[in-house]
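Below is one structure, written out as structure tokens; comments come after it.
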Amino acid sequence: MKNLIIGFDPGLNNTGWGIIENLSNSEKYVNHGLISTKKDIPLGQRLNIIYEGVSELFLKYSPESIAVEKIFSNKNPQSTLKLGKARAIIFLVAARFKVEIFEYSPNTVKKNLVGYGHAEKTQIIKMIERFFPGLKALNHDSADALAVAICHSMQKKSKINLFV
């Protein structure tokens, strides 16, 4: 059985996703992409697009767990609310598929991946490219999603090593 982790970087405009396989001593890249919605369509339809996209990923890959970036407060409360709605859709799909959810703050993800909690987006992309040489078409949203999946894989391994 494959030990697949889907990482999500939720957003109403773009929800980045990245899938890795957690191996005993490394991570194997599986796939990444975006679920995008257009700003000019009603909110309910946008949330349904995210719901259908996330559901398709769960049906296709049958992940063991998902990792999601925690919400941080934006200066604009409306942006935070929209982000929360996109996250809620991901949590709903995970619950319907009975897949365990793990949350990590952006600083924790950056610290695990780069070694510095305030790393820039470009540093995250460069580190992802080091993990998975030859990776193409990586944007910020899917890079963040892969980063949160890798963070979960690392956290999972460190907890396993505590009990060995």
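Following the order of the structure tokens, first chain is A, next is B, and so on, with residues numbered from 1 inside each chain and ligands from 1 in the order they appear.
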Which residues, written as a compact mmCIF listing (two decimals) with N, CA and C atoms, in the first residue's frame, have at least one atom at most 7 Å from A:Asn13, with only C-alpha atoms counted and residues fewer than 5 positions away on the same chain left out?
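Done, and the output landed in out27.txt:
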```txt
# COMPACT_ATOMS: atom_id res chain seq x y z
N SER A 36 -8.25 26.12 -9.86
CA SER A 36 -8.45 27.56 -10.01
C SER A 36 -9.91 27.90 -10.24
N THR A 37 -10.32 29.03 -9.69
CA THR A 37 -11.67 29.53 -9.92
C THR A 37 -11.57 30.96 -10.43
N LYS A 38 -12.59 31.38 -11.13
CA LYS A 38 -12.63 32.74 -11.68
C LYS A 38 -13.37 33.67 -10.72
N LYS A 39 -12.82 34.85 -10.56
CA LYS A 39 -13.38 35.82 -9.61
C LYS A 39 -14.78 36.28 -9.98
```
Next on the checklist: Considering only helix (DSSP H, G or I) as DSSP defines it on the backbone, what residues of stretch 6-145 of chain A qualify? List them as JSON, numbers by chain.
Outcome noted: {"A": [43, 44, 45, 46, 47, 48, 49, 50, 51, 52, 53, 54, 55, 56, 57, 58, 59, 60, 61, 77, 78, 79, 80, 81, 82, 83, 84, 85, 86, 87, 88, 89, 90, 91, 92, 93, 94, 95, 96, 106, 107, 108, 109, 110, 111, 112, 113, 114, 121, 122, 123, 124, 125, 126, 127, 128, 129, 130, 131, 140, 141, 142, 143, 144, 145]}
For A:Ile6, find every residue with an atom within 10 Å (counting only C-alpha atoms), except residues of its own chain fewer than 6 positions away, and show them as a compact mmCIF listing (two decimals) with N, CA, C and O atoms, in the first residue's frame.
```
# COMPACT_ATOMS: atom_id res chain seq x y z
N TRP A 17 -2.08 22.10 -4.87
CA TRP A 17 -2.00 20.77 -4.29
C TRP A 17 -0.72 20.10 -4.76
O TRP A 17 -0.20 20.39 -5.84
N GLY A 18 -0.21 19.23 -3.90
CA GLY A 18 0.99 18.46 -4.22
C GLY A 18 0.91 17.11 -3.55
O GLY A 18 0.50 17.01 -2.40
N ILE A 19 1.27 16.08 -4.30
CA ILE A 19 1.17 14.72 -3.78
C ILE A 19 2.56 14.09 -3.76
O ILE A 19 3.29 14.14 -4.76
N ILE A 20 2.89 13.52 -2.61
CA ILE A 20 4.15 12.80 -2.46
C ILE A 20 3.87 11.44 -1.85
O ILE A 20 2.83 11.22 -1.24
N GLU A 21 4.84 10.55 -2.04
CA GLU A 21 4.79 9.27 -1.36
C GLU A 21 5.83 9.30 -0.26
O GLU A 21 6.99 9.65 -0.51
N VAL A 30 4.92 12.64 -6.71
CA VAL A 30 3.87 11.96 -7.47
C VAL A 30 3.24 12.93 -8.47
O VAL A 30 3.22 12.65 -9.68
N ASN A 31 2.73 14.08 -8.00
CA ASN A 31 2.07 15.03 -8.90
C ASN A 31 1.82 16.34 -8.16
O ASN A 31 1.91 16.39 -6.94
N HIS A 32 1.49 17.38 -8.91
CA HIS A 32 1.11 18.65 -8.32
C HIS A 32 0.23 19.42 -9.30
O HIS A 32 0.17 19.07 -10.48
N VAL A 54 -10.96 18.75 -5.40
CA VAL A 54 -10.38 18.01 -4.28
C VAL A 54 -10.92 16.59 -4.25
O VAL A 54 -10.17 15.63 -4.04
N LEU A 57 -9.15 14.40 -6.71
CA LEU A 57 -7.82 14.01 -6.23
C LEU A 57 -7.91 12.84 -5.26
O LEU A 57 -7.12 11.90 -5.33
N PHE A 58 -8.88 12.88 -4.35
CA PHE A 58 -9.05 11.80 -3.38
C PHE A 58 -9.46 10.50 -4.07
O PHE A 58 -8.97 9.44 -3.71
N TYR A 61 -6.19 9.27 -6.14
CA TYR A 61 -4.96 8.92 -5.44
C TYR A 61 -5.16 8.19 -4.11
O TYR A 61 -4.21 7.62 -3.59
N SER A 62 -6.32 8.23 -3.53
CA SER A 62 -6.59 7.58 -2.24
C SER A 62 -5.50 7.86 -1.21
O SER A 62 -4.80 6.95 -0.76
N PRO A 63 -5.33 9.12 -0.82
CA PRO A 63 -4.25 9.45 0.12
C PRO A 63 -4.49 8.86 1.50
O PRO A 63 -5.63 8.64 1.90
N GLU A 64 -3.38 8.62 2.20
CA GLU A 64 -3.46 8.16 3.58
C GLU A 64 -3.73 9.33 4.52
O GLU A 64 -4.41 9.20 5.53
N SER A 65 -3.19 10.49 4.17
CA SER A 65 -3.38 11.69 4.99
C SER A 65 -3.25 12.92 4.12
O SER A 65 -2.74 12.86 3.01
N ILE A 66 -3.74 14.04 4.68
CA ILE A 66 -3.54 15.31 4.00
C ILE A 66 -2.89 16.27 4.98
O ILE A 66 -3.02 16.14 6.20
N ALA A 67 -2.16 17.21 4.42
CA ALA A 67 -1.51 18.25 5.20
C ALA A 67 -1.95 19.59 4.62
O ALA A 67 -1.94 19.78 3.40
N VAL A 68 -2.34 20.50 5.50
CA VAL A 68 -2.88 21.79 5.08
C VAL A 68 -2.18 22.89 5.86
O VAL A 68 -1.91 22.74 7.05
N ILE A 101 -6.44 14.61 8.78
CA ILE A 101 -5.97 15.95 8.42
C ILE A 101 -4.91 16.40 9.42
O ILE A 101 -5.09 16.27 10.63
N ALA A 145 2.08 23.77 -1.50
CA ALA A 145 1.37 22.52 -1.21
C ALA A 145 2.34 21.35 -1.08
O ALA A 145 2.22 20.53 -0.16
N LEU A 146 3.31 21.26 -1.99
CA LEU A 146 4.33 20.21 -1.88
C LEU A 146 5.14 20.39 -0.60
O LEU A 146 5.48 19.42 0.07
N VAL A 148 4.16 21.68 2.27
CA VAL A 148 3.41 21.26 3.46
C VAL A 148 3.32 19.73 3.49
O VAL A 148 3.36 19.12 4.57
N ALA A 149 3.25 19.08 2.33
CA ALA A 149 3.24 17.60 2.30
C ALA A 149 4.59 17.06 2.77
O ALA A 149 4.64 16.10 3.56
N ILE A 150 5.68 17.67 2.34
CA ILE A 150 7.02 17.24 2.76
C ILE A 150 7.18 17.48 4.26
O ILE A 150 7.72 16.63 4.98
N HIS A 152 4.87 17.42 6.51
CA HIS A 152 4.14 16.36 7.21
C HIS A 152 4.92 15.05 7.19
O HIS A 152 5.01 14.34 8.19
```
Item to check | Nearest residue to A:Ala147 from the set A:Gly134, A:Pro106, A:Pro77, A:Gly33 (distances using only C-alpha atoms) | outcome: A:Pro106
Next on the checklist: So, with only C-alpha atoms as the atoms that count, which of A:Thr108, A:Ser142, A:Thr122, A:Ser153 lies closest to A:Glu27?
Outcome noted: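 So, comparing all the options, the nearest one is A:Ser153.
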Next on the checklist: If we count only C-alpha atoms and set the cut-off at 12 Å, which residues sit around A:Ile41, ignoring sequence neighbours fewer than 6 positions away in its own chain? Please answer as a PyMOL selection string.
Outcome noted: chain A and resi 12-13+47-49
Next on the checklist: Report, in Å to a single decimal, how far apart atom CA of A:Phe102 and atom CA of A:Lys70 are.
Outcome noted: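 Pair atom CA of A:Lys70 / atom CA of A:Phe102 returns 9.3 Å.
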